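Shown here: protein.txt, compact mmCIF, C-alpha atoms.
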# COMPACT_ATOMS: atom_id res chain seq x y z
CA ARG S 28 -17.53 8.06 -10.62
CA LYS S 29 -15.51 11.00 -11.85
CA ILE S 30 -11.71 10.53 -11.83
CA ILE S 31 -9.54 13.64 -11.57
CA PHE S 32 -5.93 13.12 -12.62
CA GLU S 33 -3.32 15.71 -13.68
CA LYS S 34 -5.92 18.50 -14.12
CA GLN S 35 -7.97 16.15 -16.31
CA TRP S 36 -11.32 14.59 -15.41
CA PHE S 37 -12.91 11.54 -17.01
CA TYR S 38 -15.04 8.44 -16.43
CA LEU S 39 -13.58 4.92 -16.61
CA ASP S 40 -16.76 3.17 -17.81
CA ASN S 41 -15.56 2.72 -21.40
CA ALA S 42 -12.18 1.36 -20.27
CA ILE S 43 -13.69 -1.83 -18.81
CA GLY S 44 -12.91 -4.83 -20.98
CA HIS S 45 -9.79 -3.40 -22.63
CA THR S 46 -6.32 -4.77 -21.98
CA TYR S 47 -3.74 -3.04 -19.78
CA GLY S 48 -1.52 -0.68 -21.75
CA THR S 49 -4.36 0.63 -23.95
CA THR S 50 -4.16 4.35 -24.71
CA PHE S 51 -7.41 6.31 -24.54
CA GLU S 52 -8.35 9.77 -25.68
CA VAL S 53 -10.59 11.87 -23.41
CA THR S 54 -13.52 13.14 -25.47
CA SER S 55 -16.14 15.72 -24.57
CA GLY S 56 -18.10 14.77 -21.48
CA GLY S 57 -15.15 12.94 -19.95
CA ASN S 58 -15.68 9.71 -21.90
CA LEU S 59 -12.73 7.54 -22.92
CA GLN S 60 -12.27 6.33 -26.48
CA PRO S 61 -9.40 4.05 -27.60
CA LYS S 62 -6.91 6.16 -29.53
CA GLN S 63 -6.27 5.20 -33.12
CA GLU S 64 -2.59 4.95 -33.99
CA VAL S 65 -1.68 7.54 -36.60
CA GLU S 66 1.58 7.16 -38.49
CA GLU S 67 3.56 10.37 -38.42
CA SER S 68 4.74 11.54 -41.80
CA THR S 69 8.52 11.56 -41.86
CA THR S 70 8.88 12.61 -45.49
CA GLU S 71 8.93 16.32 -44.70
CA THR S 72 12.31 17.62 -43.66
CA LYS S 73 12.23 19.73 -40.53
CA GLU S 74 13.77 23.14 -40.56
CA ALA S 75 15.95 23.53 -37.51
CA GLY S 76 18.57 25.98 -36.30
CA THR S 77 22.11 25.26 -35.24
CA ASP S 78 21.90 26.70 -31.71
CA ASN S 79 19.56 28.54 -29.35
CA ARG S 80 21.82 31.38 -28.28
CA ASN S 81 19.95 34.07 -30.25
CA ILE S 82 16.46 33.04 -29.04
CA VAL S 83 15.06 35.38 -26.38
CA ASP S 84 12.18 34.19 -24.20
CA ASP S 85 10.23 37.46 -24.02
CA GLY S 86 6.76 35.91 -24.22
CA LYS S 87 6.05 37.48 -27.63
CA SER S 88 7.07 34.58 -29.85
CA GLN S 89 3.59 32.95 -29.79
CA LYS S 90 0.94 34.74 -31.85
CA LEU S 91 -1.98 32.74 -30.44
CA THR S 92 -3.33 34.18 -27.20
CA HIS S 93 -4.90 32.29 -24.31
CA ASP S 94 -8.38 33.30 -25.52
CA ASP S 95 -7.64 31.98 -29.02
CA ILE S 96 -6.60 28.58 -27.62
CA LYS S 97 -9.72 28.49 -25.45
CA ALA S 98 -11.87 29.25 -28.50
CA LEU S 99 -10.21 26.38 -30.39
CA LYS S 100 -11.00 24.02 -27.49
CA ASP S 101 -14.64 25.19 -27.39
CA LYS S 102 -14.98 24.42 -31.10
CA GLY S 103 -14.03 20.81 -30.34
CA ILE S 104 -10.68 20.86 -32.12
CA LYS S 105 -8.46 17.98 -31.00
CA GLY S 106 -5.27 18.50 -29.04
CA GLN S 107 -3.06 17.35 -31.93
CA GLU S 108 -4.42 20.11 -34.18
CA ILE S 109 -3.99 22.71 -31.41
CA VAL S 110 -0.33 21.71 -31.04
CA GLN S 111 0.14 22.01 -34.81
CA GLN S 112 -1.34 25.52 -34.80
CA LEU S 113 0.91 26.51 -31.88
CA ILE S 114 3.94 25.37 -33.89
CA GLU S 115 2.81 27.29 -36.99
CA ASN S 116 2.17 30.49 -35.00
CA SER S 117 5.50 30.37 -33.15
CA THR S 118 8.06 32.79 -34.57
CA THR S 119 11.04 31.11 -32.90
CA PHE S 120 10.21 27.43 -33.54
CA ARG S 121 12.18 27.17 -36.81
CA ASP S 122 15.24 28.78 -35.23
CA LYS S 123 15.41 26.19 -32.43
CA THR S 124 17.63 23.13 -32.65
CA GLU S 125 16.10 19.77 -33.49
CA PHE S 126 16.36 18.65 -29.86
CA ALA S 127 14.71 21.86 -28.63
CA GLN S 128 11.89 21.42 -31.15
CA ASP S 129 11.19 17.87 -29.93
CA LYS S 130 11.18 19.13 -26.37
CA TYR S 131 8.75 21.93 -27.28
CA ILE S 132 6.36 19.52 -29.05
CA LYS S 133 6.47 17.06 -26.16
CA LYS S 134 5.69 19.82 -23.66
CA LYS S 135 2.72 21.12 -25.68
CA LYS S 136 1.35 17.63 -26.28
CA LYS S 137 1.35 16.95 -22.56
CA LYS S 138 -0.56 20.15 -21.95
CA TYR S 139 -3.18 20.03 -24.72
CA GLU S 140 -3.55 16.39 -25.74
CA ALA S 141 -5.91 14.60 -23.35
CA VAL S 142 -4.43 11.10 -23.67
CA ILE S 143 -4.59 8.48 -20.90
CA THR S 144 -2.75 5.14 -20.81
CA ILE S 145 -3.96 2.60 -18.24
CA VAL S 146 -1.15 0.35 -16.99
CA LYS S 147 -1.20 -2.65 -14.69
CA PRO S 148 -0.24 -1.72 -11.10
CA SER S 149 3.13 -3.01 -9.93
CA THR S 150 5.60 -2.42 -7.11
CA ARG S 151 7.74 -0.17 -9.31
CA ILE S 152 4.84 2.06 -10.39
CA LEU S 153 3.29 2.37 -6.92
CA SER S 154 6.58 2.99 -5.12
CA THR S 155 7.57 5.64 -7.66
CA MET S 156 4.16 7.31 -7.35
CA TYR S 157 4.16 7.31 -3.55
CA TYR S 158 7.74 8.61 -3.37
CA ALA S 159 6.97 11.44 -5.83
CA ARG S 160 3.61 12.51 -4.39
CA GLU S 161 3.32 11.39 -0.75
CA PRO S 162 6.75 10.33 0.54
CA GLY S 163 5.77 10.98 4.18
CA LYS S 164 3.23 8.14 4.05
CA ILE S 165 5.94 5.60 3.21
CA ASN S 166 8.64 7.05 5.53
CA HIS S 167 10.53 8.42 2.49
CA LEU S 168 11.27 4.88 1.28
CA ARG S 169 12.74 5.29 -2.21
CA TYR S 170 11.94 2.71 -4.88
CA ASP S 171 15.55 1.54 -5.31
CA THR S 172 15.84 1.05 -1.54
CA LEU S 173 12.67 -1.07 -1.61
CA ALA S 174 14.23 -3.18 -4.38
CA GLN S 175 17.33 -3.67 -2.21
CA MET S 176 15.10 -4.81 0.68
CA LEU S 177 13.40 -7.44 -1.47
CA THR S 178 16.78 -8.73 -2.69
CA LEU S 179 18.54 -8.75 0.70
CA GLY S 180 15.50 -10.37 2.34
CA ASN S 181 15.55 -13.24 -0.20
CA ILE S 182 11.82 -12.83 -0.89
CA ARG S 183 10.59 -15.74 -3.01
CA ALA S 184 7.61 -18.04 -3.44
CA GLY S 185 7.06 -20.54 -0.65
CA ASN S 186 8.69 -18.44 2.09
CA LYS S 187 7.27 -17.80 5.53
CA MET S 188 7.90 -14.08 6.00
CA ILE S 189 7.38 -11.69 8.92
CA VAL S 190 6.70 -8.10 7.81
CA MET S 191 6.54 -5.14 10.18
CA GLU S 192 5.91 -1.90 8.33
CA THR S 193 4.19 1.46 8.66
CA CYS S 194 4.47 2.39 4.96
CA ALA S 195 0.74 2.29 4.16
CA GLY S 196 1.06 -1.36 3.07
CA LEU S 197 3.53 -0.69 0.22
CA VAL S 198 6.24 -3.03 1.56
CA LEU S 199 3.64 -5.71 2.31
CA GLY S 200 2.28 -5.44 -1.24
CA ALA S 201 5.79 -5.68 -2.69
CA VAL S 202 6.46 -8.86 -0.68
CA MET S 203 3.10 -10.35 -1.73
CA GLU S 204 3.80 -9.58 -5.38
CA ARG S 205 7.26 -11.20 -5.22
CA MET S 206 5.88 -14.33 -3.50
CA GLY S 207 3.07 -14.69 -6.04
CA GLY S 208 0.49 -16.10 -3.64
CA TYR S 209 2.69 -19.02 -2.47
CA GLY S 210 3.92 -19.24 1.11
CA SER S 211 2.68 -17.31 4.13
CA ILE S 212 3.12 -13.76 5.38
CA ILE S 213 2.64 -12.58 8.96
CA GLN S 214 2.08 -8.83 9.23
CA MET S 215 2.88 -7.30 12.60
CA TYR S 216 0.90 -4.12 13.21
CA PRO S 217 0.73 -1.40 15.89
CA GLY S 218 -2.54 0.02 17.18
CA GLY S 219 -6.01 -1.31 16.51
CA GLY S 220 -5.48 -2.88 13.09
CA PRO S 221 -3.19 -3.13 10.04
CA VAL S 222 -3.09 -0.37 7.41
CA ARG S 223 -3.19 -1.69 3.85
CA ALA S 224 -4.08 1.31 1.69
CA ALA S 225 -1.28 0.70 -0.82
CA THR S 226 -1.75 -3.09 -0.74
CA SER S 227 -5.32 -2.72 -2.04
CA CYS S 228 -3.98 -0.73 -5.04
CA PHE S 229 -2.08 -3.76 -6.38
CA GLY S 230 -5.31 -5.51 -7.34
CA PHE S 231 -4.28 -8.91 -6.00
CA PRO S 232 -6.74 -11.80 -6.47
CA LYS S 233 -8.51 -13.17 -3.41
CA PRO S 234 -6.26 -16.30 -3.03
CA PHE S 235 -3.30 -13.98 -2.33
CA PHE S 236 -4.95 -12.94 0.95
CA ASP S 237 -5.68 -16.50 2.13
CA ASN S 238 -2.12 -16.91 3.45
CA LEU S 239 -1.84 -13.38 4.83
CA HIS S 240 -1.95 -13.32 8.64
CA GLU S 241 -1.82 -10.43 11.09
CA PHE S 242 -0.65 -10.14 14.67
CA PRO S 243 -0.62 -7.11 17.03
CA LEU S 244 2.71 -5.87 18.32
CA SER S 245 1.20 -5.39 21.77
CA LYS S 246 0.92 -9.19 22.21
CA VAL S 247 4.46 -10.11 21.09
CA ASP S 248 5.93 -9.92 24.61
CA SER S 249 3.18 -12.11 26.05
CA LEU S 250 3.71 -14.62 23.22
CA LEU S 251 7.44 -14.78 23.95
CA SER S 252 6.89 -15.16 27.70
CA GLY S 253 4.22 -17.84 27.23
CA THR S 254 1.37 -15.82 28.79
CA PHE S 255 -0.49 -15.16 25.52
CA SER S 256 -4.25 -15.55 25.72
CA THR S 257 -7.36 -14.42 23.82
CA GLU S 258 -9.82 -14.42 26.71
CA THR S 259 -11.01 -10.91 25.89
CA LEU S 260 -12.82 -12.22 22.80
CA PRO S 261 -15.80 -14.64 22.92
CA SER S 262 -14.99 -18.33 22.69
CA GLU S 263 -17.59 -19.39 20.12
CA PRO S 264 -20.56 -17.59 18.61
CA GLU S 265 -23.11 -20.40 19.05
CA ASP S 266 -23.55 -20.09 22.86
CA ASN S 267 -24.03 -16.33 22.80
CA VAL S 268 -26.29 -16.44 19.78
CA LEU S 269 -28.49 -19.13 21.36
CA ALA S 270 -28.81 -17.11 24.54
CA GLU S 271 -29.65 -14.06 22.47
CA GLU S 272 -32.27 -15.98 20.52
CA GLU S 273 -33.85 -17.33 23.73
CA SER S 274 -34.10 -13.85 25.24
CA ASN S 275 -35.51 -12.52 21.98
CA GLY S 276 -38.04 -15.37 21.97
CA LEU S 277 -39.28 -14.37 25.43
CA THR S 278 -39.64 -10.76 24.41
CA ASP S 279 -41.46 -11.84 21.23
CA GLU S 280 -44.04 -13.76 23.30
CA LYS S 281 -44.55 -10.77 25.57
CA GLN S 282 -45.00 -8.46 22.63
CA ILE S 283 -47.47 -10.81 20.96
CA SER S 284 -49.60 -10.92 24.14
CA LEU S 285 -49.45 -7.14 24.40
CA GLN S 286 -50.44 -6.80 20.75
CA GLU S 287 -53.41 -9.15 21.30
CA THR S 288 -54.70 -7.10 24.25
CA GLU S 289 -54.26 -3.89 22.27
CA GLU S 290 -56.14 -5.33 19.31
CA GLU S 291 -59.02 -6.51 21.57
CA SER S 292 -59.36 -3.14 23.25
CA THR S 293 -59.31 -1.26 19.96
CA THR S 294 -61.94 -3.53 18.36
CA GLU S 295 -64.34 -3.09 21.31
CA THR S 296 -64.14 0.70 21.15
CA ALA S 297 -64.29 0.69 17.36
CA MET S 298 -67.56 -1.31 17.27
CA GLU S 299 -69.21 1.41 19.32
CA ILE S 300 -68.17 4.10 16.77
CA ASN S 301 -68.13 2.65 13.22
CA GLN S 302 -66.53 -0.08 11.12
CA THR S 303 -64.22 2.16 9.08
CA GLU S 304 -62.40 3.50 12.15
CA GLU S 305 -62.01 -0.07 13.39
CA GLN S 306 -60.30 -1.04 10.16
CA ASP S 307 -57.95 1.99 10.34
CA THR S 308 -56.83 1.23 13.90
CA MET S 309 -56.30 -2.44 13.04
CA ASP S 310 -54.07 -1.47 10.10
CA ILE S 311 -52.03 0.91 12.28
CA ASN S 312 -51.51 -1.75 14.94
CA VAL S 313 -50.46 -4.33 12.36
CA GLU S 314 -47.95 -1.89 10.85
CA ASP S 315 -46.51 -1.11 14.30
CA ALA S 316 -46.13 -4.79 15.05
CA VAL S 317 -44.39 -5.43 11.71
CA CYS S 318 -42.00 -2.49 12.29
CA LYS S 319 -41.13 -3.77 15.76
CA GLU S 320 -40.50 -7.27 14.43
CA ASN S 321 -38.24 -5.93 11.66
CA LYS S 322 -36.21 -3.82 14.11
CA GLU S 323 -35.77 -6.76 16.47
CA LYS S 324 -34.72 -8.99 13.59
CA GLU S 325 -32.16 -6.40 12.43
CA ASN S 326 -30.75 -6.03 15.96
CA LYS S 327 -30.54 -9.80 16.32
CA ASP S 328 -28.74 -10.11 12.95
CA ASN S 329 -26.32 -7.30 13.87
CA VAL S 330 -25.44 -8.92 17.20
CA ARG S 331 -24.97 -12.28 15.53
CA GLU S 332 -22.79 -10.81 12.78
CA LYS S 333 -20.68 -8.90 15.28
CA GLN S 334 -20.10 -12.00 17.39
CA ARG S 335 -19.29 -14.04 14.30
CA LYS S 336 -16.64 -11.51 13.23
CA GLN S 337 -15.15 -11.46 16.73
CA TRP S 338 -14.99 -15.23 16.77
CA GLU S 339 -13.30 -15.32 13.33
CA ARG S 340 -10.83 -12.69 14.47
CA ARG S 341 -10.00 -14.71 17.57
CA LYS S 342 -9.60 -17.88 15.47
CA LYS S 343 -7.19 -16.11 13.08
CA LEU S 344 -5.25 -14.66 16.00
CA ILE S 345 -4.77 -18.13 17.50
CA GLU S 346 -3.64 -19.51 14.10
CA THR S 347 -1.13 -16.67 13.68
CA ALA S 348 0.18 -17.17 17.23
CA ALA S 349 0.70 -20.86 16.44
CA LEU S 350 2.65 -19.95 13.30
CA LEU S 351 4.88 -17.56 15.24
CA THR S 352 5.55 -19.97 18.11
CA GLU S 353 7.06 -22.42 15.62
CA LYS S 354 9.95 -19.90 15.36
CA ASN S 355 10.86 -21.01 11.86
CA ALA S 356 10.23 -17.89 9.77
CA ASP S 357 12.34 -17.64 6.60
CA GLY S 358 12.95 -13.91 6.88
CA LEU S 359 12.10 -10.62 8.55
CA ILE S 360 11.40 -7.23 6.96
CA VAL S 361 11.11 -4.12 9.17
CA ALA S 362 10.28 -0.68 7.76
CA SER S 363 8.55 1.44 10.39
CA LYS S 364 8.51 4.86 11.98
CA PHE S 365 9.36 3.31 15.37
CA HIS S 366 12.84 2.80 16.79
CA PRO S 367 14.14 -0.41 15.19
CA THR S 368 16.14 -1.83 18.15
CA PRO S 369 13.31 -3.17 20.40
CA LEU S 370 11.33 -4.28 17.35
CA LEU S 371 14.19 -6.24 15.83
CA LEU S 372 15.40 -7.83 19.08
CA SER S 373 11.92 -9.20 19.85
CA LEU S 374 10.95 -10.26 16.31
CA LEU S 375 14.26 -12.02 15.63
CA GLU S 376 13.14 -14.65 18.17
CA PHE S 377 10.63 -15.95 15.61
CA VAL S 378 13.17 -16.27 12.76
CA ALA S 379 14.91 -19.59 12.07
CA PRO S 380 18.74 -19.75 11.98
CA SER S 381 20.59 -18.98 8.72
CA ARG S 382 17.83 -16.64 7.51
CA PRO S 383 18.14 -13.02 6.32
CA PHE S 384 16.63 -9.93 7.94
CA VAL S 385 16.43 -6.34 6.66
CA VAL S 386 15.63 -3.18 8.61
CA TYR S 387 14.87 0.15 6.94
CA CYS S 388 15.07 3.54 8.62
CA GLN S 389 14.98 7.03 7.20
CA TYR S 390 17.85 8.07 9.49
CA LYS S 391 21.24 6.52 10.20
CA GLU S 392 21.50 6.99 13.99
CA PRO S 393 18.74 4.52 15.06
CA LEU S 394 20.31 1.84 12.87
CA LEU S 395 23.75 2.50 14.36
CA ASP S 396 22.27 1.90 17.81
CA CYS S 397 20.58 -1.24 16.50
CA TYR S 398 23.87 -2.43 14.96
CA THR S 399 25.69 -2.01 18.30
CA LYS S 400 22.97 -3.85 20.25
CA LEU S 401 23.00 -6.76 17.79
CA ARG S 402 26.79 -7.11 18.04
CA GLU S 403 26.53 -7.22 21.83
CA ARG S 404 23.67 -9.74 21.74
CA GLY S 405 25.15 -12.05 19.13
CA GLY S 406 23.20 -14.56 17.08
CA VAL S 407 23.74 -12.62 13.83
CA ILE S 408 26.49 -12.49 11.21
CA ASN S 409 27.26 -10.46 8.08
CA LEU S 410 25.84 -7.26 9.55
CA LYS S 411 25.82 -4.45 6.99
CA LEU S 412 24.65 -0.85 7.24
CA SER S 413 24.25 0.65 3.76
CA GLU S 414 22.83 3.59 1.84
CA THR S 415 21.97 3.40 -1.85
CA TRP S 416 23.05 6.24 -4.11
CA LEU S 417 20.66 6.89 -7.00
CA ARG S 418 21.15 8.99 -10.12
CA ASN S 419 18.74 9.06 -13.05
CA TYR S 420 20.04 9.24 -16.63
CA GLN S 421 18.38 10.57 -19.74
CA VAL S 422 19.02 8.04 -22.50
CA LEU S 423 18.20 9.49 -25.94
CA PRO S 424 20.03 9.49 -29.29
CA ASP S 425 23.07 11.81 -29.17
CA ARG S 426 21.98 13.31 -25.84
CA SER S 427 22.40 10.79 -23.04
CA HIS S 428 23.50 12.44 -19.82
CA PRO S 429 22.79 12.40 -16.07
CA LYS S 430 19.72 14.38 -15.10
CA LEU S 431 20.43 17.60 -13.25
CA THR S 432 18.13 16.77 -10.32
CA MET S 433 18.69 13.74 -8.11
CA SER S 434 17.30 12.43 -4.84
CA GLY S 435 18.89 13.70 -1.64
CA GLY S 436 18.61 10.37 0.16
CA GLY S 437 16.63 7.17 0.11
CA GLY S 438 17.13 6.03 3.69
CA TYR S 439 19.41 3.40 5.24
CA LEU S 440 19.32 -0.39 5.41
CA LEU S 441 20.65 -2.71 8.09
CA SER S 442 20.86 -6.32 6.91
CA GLY S 443 22.26 -9.53 8.29
CA ILE S 444 21.83 -13.30 8.69
CA THR S 445 20.66 -15.09 11.82
CA VAL S 446 22.65 -17.92 13.42
CA VAL S 447 22.03 -20.12 16.45
CA LEU S 448 22.48 -18.01 19.57
CA ASP S 449 24.70 -19.74 22.15
CA LYS S 450 22.92 -19.34 25.48
CA GLY S 451 26.07 -20.25 27.46
CA LYS S 452 28.08 -17.53 25.80
CA PRO S 453 30.62 -15.70 28.01
CA ASP S 454 29.95 -12.08 28.83
CA SER S 455 31.53 -9.18 26.93
CA SER S 456 34.18 -8.42 29.58
CA HIS S 457 35.50 -11.98 29.36
CA LEU S 458 35.61 -11.71 25.56
CA GLU S 459 37.65 -8.51 25.75
CA ALA S 460 40.09 -10.22 28.13
CA LEU S 461 40.52 -13.08 25.65
CA LYS S 462 41.18 -10.62 22.83
CA MET S 463 44.00 -9.02 24.81
CA GLU S 464 45.81 -12.35 25.18
CA GLU S 465 48.25 -13.70 22.60
CA PRO S 466 46.89 -15.97 19.85
CA SER S 467 46.78 -19.65 20.77
CA SER S 468 49.02 -20.67 17.87
CA LYS S 469 51.81 -18.31 19.06
CA ARG S 470 51.59 -19.62 22.63
CA CYS S 471 51.94 -23.17 21.41
CA LYS S 472 55.09 -22.32 19.49
CA VAL S 473 56.70 -20.69 22.53
CA GLN S 474 55.91 -23.74 24.65
CA ASP S 475 57.41 -26.02 22.02
CA LEU S 476 60.61 -23.99 22.03
CA HIS S 477 60.92 -24.28 25.83
CA CYS S 478 60.46 -28.02 25.56
Represent the supplied structure as structure tokens.
Amino acid sequence: RKIIFEKQWFYLDNAIGHTYGTTFEVTSGGNLQPKQEVEESTTETKEAGTDNRNIVDDGKSQKLTHDDIKALKDKGIKGQEIVQQLIENSTTFRDKTEFAQDKYIKKKKKKYEAVITIVKPSTRILSTMYYAREPGKINHLRYDTLAQMLTLGNIRAGNKMIVMETCAGLVLGAVMERMGGYGSIIQMYPGGGPVRAATSCFGFPKPFFDNLHEFPLSKVDSLLSGTFSTETLPSEPEDNVLAEEESNGLTDEKQISLQETEEESTTETAMEINQTEEQDTMDINVEDAVCKENKEKENKDNVREKQRKQWERRKKLIETAALLTEKNADGLIVASKFHPTPLLLSLLEFVAPSRPFVVYCQYKEPLLDCYTKLRERGGVINLKLSETWLRNYQVLPDRSHPKLTMSGGGGYLLSGITVVLDKGKPDSSHLEALKMEEPSSKRCKVQDLHC
């Protein structure tokens, strides 16, 4: 199919079989051809000015018009030659500084050279792309914040992770990539099913998905209270399919008897007229019978397939529920558009002690509320609420400096470590009363003095 990218359209047929990182040139007709590396001649000394203060951008420095450039393209001249002609026909190019000339050439190459490099998808590339183009789909989760989440959550191979995210599957894909197909992941999802649009872009092999489980958020409370059940789905497909086959068998017998009576009646009337009409009616009846049989077979197969899928879904749901009830998850990652407090308080029940958890939110206030609730509840230590500050730098010879534009904010992270929650813990009012008293060591000293 036709791919449209950065105002350029092409077909990927010729790219199949090449390694990642190969650079292609888009030829006429949208076909890709591997680009031959051409060594740039460095023998010629460039003429460059000392500064740009006398250059005026009045739009008259380029002699080639838009129609001239279009004519060059129609002739089939390559982008590199068009860039060279633009340089030769520019009256101000020689007066620019060496840095300004490089910038000008780079800008024109991007515009006129149809060059495509195919790279292997990774967390860094996908998170950067989503944040630049569609940040709303990933809750404005910046790529450096995602990296902090993977580090604070101690994501590694062999873990048993719980992931709750509404970032189009980007966080889930990042966790799967870091774990490398080893361990198990339980994805909690709201609504009818999980969204994994970004996860499919990673190109993971099939074994990566064998240990990926999913569980609806709507059934978490029932799982915690011990009332979880899957009675809404069929128990096993065999019983229903057998019943369906028996009913279909009865209808088949009825239809066969009906077809026989129809055939007998048509043959009797046909013999009175002529033999050709008899043959025509027989053919029509046979075709009708075949069509009916095919439709019934398709309906039977559809019902069977639907029941099989429901049974598999129920089986997976029971397996995931069993994994959660063990309450020994190695970590918890939350990055959703919902308020984090109820999510975190319920999902922390499935995490083993001395394990990390990370919660992402675009805004600070929900996490502050979550922080307060966790301190009141207990069972967590090392609570941290942080925001990462990101500034990009241009690193080039003799001109390394911070870039003028930087991100306004990449969201906030609340991280911590679980500990065993003491069920017989005194209430908060009693704790405050203990804090108001003198330290035990000081009281002991006073008593010793009186003695």
Query - Nearest candidate to Ser211 (chain S) (options S:Val378, S:Leu251, S:Ala159, S:Ile189; using only C-alpha atoms) - result: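 The answer is S:Ile189, which sits nearest to Ser211 (chain S).
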Requested in this report: Could you give me, as number ranges by chain, the residues that have an atom at most 12 Å away from the point (17.0, -2.5, 0.0) in the coordinates of the file, using only C-alpha atoms?
Outcome: S: 168-182, 198, 201, 360-362, 384-388, 411-416, 437-442
Report task. Calculate how many Å separate CA of Pro232 (chain S) from CA of Gly358 (chain S), rounding to one decimal. Result ->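 So the two atoms, CA of Pro232 (chain S) and CA of Gly358 (chain S), lie 23.9 Å apart.
From CA of Lys29 (chain S) back to CA of Asn58 (chain S), the distance works out to 10.1 Å.
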Report summary line: As a check of understanding: the span from CA of Gln111 (chain S) to CA of Thr92 (chain S) is 14.8 Å
Atom completion result for region 357-369 of chain S (N, CA, C and O atoms) as a PDB file, in the frame of the given file:
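The resulting file, part.pdb, is shown below:
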ATOM      1  N   ASP S 357      11.244 -17.655   7.574  1.00  0.00           N
ATOM      2  CA  ASP S 357      12.340 -17.640   6.600  1.00  0.00           C
ATOM      3  C   ASP S 357      12.930 -16.252   6.395  1.00  0.00           C
ATOM      4  O   ASP S 357      13.870 -16.100   5.600  1.00  0.00           O
ATOM      5  N   GLY S 358      12.398 -15.248   7.050  1.00  0.00           N
ATOM      6  CA  GLY S 358      12.950 -13.910   6.880  1.00  0.00           C
ATOM      7  C   GLY S 358      12.143 -12.884   7.647  1.00  0.00           C
ATOM      8  O   GLY S 358      11.011 -13.151   8.079  1.00  0.00           O
ATOM      9  N   LEU S 359      12.743 -11.709   7.804  1.00  0.00           N
ATOM     10  CA  LEU S 359      12.100 -10.620   8.550  1.00  0.00           C
ATOM     11  C   LEU S 359      12.373  -9.303   7.834  1.00  0.00           C
ATOM     12  O   LEU S 359      13.515  -9.002   7.476  1.00  0.00           O
ATOM     13  N   ILE S 360      11.310  -8.542   7.596  1.00  0.00           N
ATOM     14  CA  ILE S 360      11.400  -7.230   6.960  1.00  0.00           C
ATOM     15  C   ILE S 360      10.804  -6.208   7.931  1.00  0.00           C
ATOM     16  O   ILE S 360       9.660  -6.351   8.353  1.00  0.00           O
ATOM     17  N   VAL S 361      11.584  -5.185   8.283  1.00  0.00           N
ATOM     18  CA  VAL S 361      11.110  -4.120   9.170  1.00  0.00           C
ATOM     19  C   VAL S 361      11.297  -2.780   8.467  1.00  0.00           C
ATOM     20  O   VAL S 361      12.404  -2.456   8.025  1.00  0.00           O
ATOM     21  N   ALA S 362      10.213  -2.028   8.339  1.00  0.00           N
ATOM     22  CA  ALA S 362      10.280  -0.680   7.760  1.00  0.00           C
ATOM     23  C   ALA S 362       9.215   0.157   8.447  1.00  0.00           C
ATOM     24  O   ALA S 362       8.094   0.271   7.945  1.00  0.00           O
ATOM     25  N   SER S 363       9.554   0.732   9.603  1.00  0.00           N
ATOM     26  CA  SER S 363       8.550   1.440  10.390  1.00  0.00           C
ATOM     27  C   SER S 363       9.087   2.767  10.893  1.00  0.00           C
ATOM     28  O   SER S 363      10.280   3.040  10.826  1.00  0.00           O
ATOM     29  N   LYS S 364       8.160   3.560  11.422  1.00  0.00           N
ATOM     30  CA  LYS S 364       8.510   4.860  11.980  1.00  0.00           C
ATOM     31  C   LYS S 364       9.004   4.737  13.417  1.00  0.00           C
ATOM     32  O   LYS S 364       9.451   5.719  14.003  1.00  0.00           O
ATOM     33  N   PHE S 365       8.922   3.523  13.993  1.00  0.00           N
ATOM     34  CA  PHE S 365       9.360   3.310  15.370  1.00  0.00           C
ATOM     35  C   PHE S 365      10.852   3.010  15.421  1.00  0.00           C
ATOM     36  O   PHE S 365      11.464   2.657  14.408  1.00  0.00           O
ATOM     37  N   HIS S 366      11.417   3.118  16.624  1.00  0.00           N
ATOM     38  CA  HIS S 366      12.840   2.800  16.790  1.00  0.00           C
ATOM     39  C   HIS S 366      13.055   1.319  16.490  1.00  0.00           C
ATOM     40  O   HIS S 366      12.360   0.456  17.031  1.00  0.00           O
ATOM     41  N   PRO S 367      14.020   0.978  15.647  1.00  0.00           N
ATOM     42  CA  PRO S 367      14.140  -0.410  15.190  1.00  0.00           C
ATOM     43  C   PRO S 367      14.696  -1.380  16.222  1.00  0.00           C
ATOM     44  O   PRO S 367      14.447  -2.585  16.122  1.00  0.00           O
ATOM     45  N   THR S 368      15.442  -0.900  17.240  1.00  0.00           N
ATOM     46  CA  THR S 368      16.140  -1.830  18.150  1.00  0.00           C
ATOM     47  C   THR S 368      15.189  -2.746  18.911  1.00  0.00           C
ATOM     48  O   THR S 368      15.320  -3.976  18.837  1.00  0.00           O
ATOM     49  N   PRO S 369      14.201  -2.237  19.674  1.00  0.00           N
ATOM     50  CA  PRO S 369      13.310  -3.170  20.400  1.00  0.00           C
ATOM     51  C   PRO S 369      12.485  -4.046  19.459  1.00  0.00           C
ATOM     52  O   PRO S 369      12.212  -5.208  19.773  1.00  0.00           O
TER      53      PRO S 369
END
